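**Q** This is run_26.tsv (TSV, C-alpha atoms).
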chain	number	residue	atom	x	y	z
Q	471	MET	CA	0.00	0.00	0.00
Q	472	ASP	CA	1.33	3.42	-0.92
Q	473	LYS	CA	2.19	5.86	1.84
Q	474	LYS	CA	-0.32	8.70	2.02
Q	475	ILE	CA	1.17	12.17	1.81
Q	476	LYS	CA	-0.84	15.11	3.04
Q	477	MET	CA	-0.67	18.20	0.85
Q	478	SER	CA	-2.08	21.69	1.25
Q	479	VAL	CA	-3.24	23.77	-1.67
Q	480	ARG	CA	-4.43	27.33	-1.51
Q	481	LEU	CA	-7.41	28.23	-3.63
Q	482	THR	CA	-9.38	31.36	-4.11
Q	483	GLU	CA	-12.96	31.22	-2.90
Q	484	ARG	CA	-14.08	31.09	-6.52
Q	485	GLU	CA	-11.73	28.18	-7.32
Q	486	TYR	CA	-12.87	26.32	-4.20
Q	487	LYS	CA	-16.56	26.75	-5.06
Q	488	HIS	CA	-15.88	25.62	-8.63
Q	489	LEU	CA	-13.98	22.53	-7.41
Q	490	LYS	CA	-16.73	21.68	-4.93
Q	491	CYS	CA	-19.40	22.08	-7.61
Q	492	GLN	CA	-17.49	19.91	-10.12
Q	493	ALA	CA	-17.00	17.17	-7.53
Q	494	ALA	CA	-20.70	17.26	-6.62
Q	495	ASN	CA	-21.68	17.06	-10.31
Q	496	ALA	CA	-19.55	13.93	-10.62
Q	497	GLY	CA	-21.16	12.46	-7.51
Q	498	LEU	CA	-17.84	12.47	-5.65
Q	499	LYS	CA	-16.40	14.07	-2.55
Q	500	MET	CA	-13.64	16.56	-3.27
Q	501	GLU	CA	-10.71	14.35	-2.23
Q	502	PRO	CA	-11.51	11.41	-4.54
Q	503	PHE	CA	-12.41	13.89	-7.28
Q	504	ILE	CA	-8.98	15.56	-7.02
Q	505	ARG	CA	-7.24	12.16	-7.03
Q	506	LYS	CA	-9.05	11.19	-10.23
Q	507	LEU	CA	-8.14	14.51	-11.84
Q	508	ILE	CA	-4.47	14.05	-10.94
Q	509	MET	CA	-4.46	10.51	-12.38
Q	510	GLY	CA	-6.03	11.72	-15.64
Q	511	VAL	CA	-9.28	9.79	-15.21
Q	512	ASP	CA	-12.06	11.00	-17.49
Q	513	ILE	CA	-14.68	12.25	-15.04
Q	514	THR	CA	-18.20	12.52	-16.35
Q	515	PRO	CA	-21.13	14.15	-14.59
Q	516	ARG	CA	-23.38	11.83	-12.64
Q	517	PRO	CA	-26.61	11.26	-14.54
Q	518	PRO	CA	-29.70	12.90	-13.04
Q	519	GLY	CA	-31.81	10.72	-10.73
Q	520	ASN	CA	-34.54	10.24	-13.30
Q	521	ILE	CA	-32.01	8.81	-15.79
Q	522	ILE	CA	-30.65	6.42	-13.15
Q	523	ASN	CA	-34.21	5.25	-12.45
Q	524	LEU	CA	-34.88	4.89	-16.18
Q	525	ILE	CA	-31.77	2.75	-16.64
Q	526	ARG	CA	-32.82	0.57	-13.70
Q	527	GLU	CA	-36.34	0.11	-15.12
Q	528	VAL	CA	-35.10	-0.68	-18.63
Q	529	ASN	CA	-32.65	-3.23	-17.19
Q	530	TYR	CA	-35.46	-4.85	-15.21
Q	531	ILE	CA	-37.71	-5.04	-18.26
Q	532	GLY	CA	-34.82	-6.32	-20.39
Q	533	ASN	CA	-34.21	-9.11	-17.88
Q	534	ASN	CA	-37.87	-10.12	-18.16
Q	535	ILE	CA	-37.64	-10.20	-21.95
Q	536	ASN	CA	-34.44	-12.25	-21.70
Q	537	GLN	CA	-36.14	-14.82	-19.45
Q	538	ILE	CA	-38.99	-15.14	-21.92
Q	539	ALA	CA	-36.52	-15.51	-24.80
Q	540	LYS	CA	-34.67	-18.31	-22.98
Q	541	LYS	CA	-37.93	-20.15	-22.38
Q	542	VAL	CA	-38.96	-19.71	-26.02
Q	543	ASN	CA	-35.57	-21.00	-27.21
Q	544	SER	CA	-35.75	-24.06	-24.96
Q	545	GLU	CA	-39.25	-24.92	-26.21
Q	546	ASN	CA	-38.48	-24.07	-29.86
Q	547	ARG	CA	-41.86	-22.41	-30.21
Q	548	VAL	CA	-43.64	-19.21	-29.26
Q	549	ASN	CA	-47.21	-18.99	-28.05
Q	550	GLN	CA	-49.51	-15.99	-28.26
Q	551	SER	CA	-49.25	-15.12	-24.54
Q	552	GLN	CA	-45.44	-15.02	-24.74
Q	553	LEU	CA	-45.60	-12.70	-27.75
Q	554	GLU	CA	-48.11	-10.48	-25.98
Q	555	GLU	CA	-45.89	-10.32	-22.87
Q	556	ILE	CA	-42.85	-9.38	-24.96
Q	557	LEU	CA	-44.83	-6.66	-26.76
Q	558	HIS	CA	-46.15	-5.39	-23.43
Q	559	LEU	CA	-42.61	-5.20	-21.98
Q	560	LEU	CA	-41.31	-3.46	-25.10
Q	561	GLY	CA	-44.17	-0.97	-24.76
Q	562	GLU	CA	-43.10	-0.34	-21.15
Q	563	ILE	CA	-39.55	0.40	-22.31
Q	564	TYR	CA	-40.90	2.81	-24.92
Q	565	ARG	CA	-43.07	4.59	-22.34
Q	566	GLU	CA	-40.19	4.85	-19.85
Q	567	VAL	CA	-37.82	6.29	-22.44
Q	568	LYS	CA	-40.44	8.68	-23.82
Q	569	ASN	CA	-41.12	10.20	-20.37
Re-express the file's structure as structure tokens.
**A**
Amino acid sequence: MDKKIKMSVRLTEREYKHLKCQAANAGLKMEPFIRKLIMGVDITPRPPGNIINLIREVNYIGNNINQIAKKVNSENRVNQSQLEEILHLLGEIYREVKN
């Protein structure tokens, strides 16, 4: 494990506020944010909460579709209720993305 070295940096109030805001936008505390900057990591803003929820919902729906697809593949046939369920789940994805 590397030895930790404490370092002080003087910032103007404006620089400090900017740094704090950038770290918050990335969903990080300032110390890990600064470490990532120093190491050249590409830091992207954290997606808004509604996008995170959308991704979670789409993943959930995708898992349901995948389970249906596995069952269909194992049976080598598709029945009407399976097709209707897939279309319903695809409609849910469409509605989630459209909102």
**Q** As a PyMOL selection string, please: the residues near range 502-519 of chain Q (cut-off 9 Å, all atoms listed in the file, same-chain neighbours under 5 positions excluded).
**A** chain Q and resi 489+492-497+524
**Q** Find the distance between CA of Leu559 in chain Q and CA of Gly532 in chain Q and write it in Å to one decimal.
**A**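 Going from CA of Leu559 in chain Q over to CA of Gly532 in chain Q, I get 8.0 Å.
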**Q** Mind listing as a list in words all residues within 12 Å of (-34.3, -5.1, -18.4), counting all atoms listed in the file?
**A**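 Those within range, by chain then number, are Asn523, Leu524, Ile525, Arg526, Glu527, Val528, Asn529, Tyr530, Ile531, Gly532, Asn533, Asn534, Ile535, Asn536, Gln537, Ile538, Ile556, Leu559, Leu560, Glu562, Ile563 and Glu566 of chain Q.
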**Q** How far is it from CA of Val567 in chain Q to CA of Asn549 in chain Q, in Å with one decimal?
**A**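 Between CA of Val567 in chain Q and CA of Asn549 in chain Q the gap is 27.5 Å.
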**Q** Separation of CA of Met477 in chain Q and CA of Lys490 in chain Q, in Å?
**A**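 Taking CA of Met477 in chain Q and CA of Lys490 in chain Q, their separation equals 17.4 Å.
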**Q** Given the choices Q:Met500, Q:Glu545, Q:Gln550, Q:Leu557, which gets closest to His488 in chain Q if the distance is worked out from only C-alpha atoms?
**A** Q:Met500
**Q** May I have the residues within 12 Å of Ser478 in chain Q as a PyMOL selection string, using all atoms listed in the file and disregarding those fewer than 3 positions away in the same chain?
**A** chain Q and resi 475+481+501
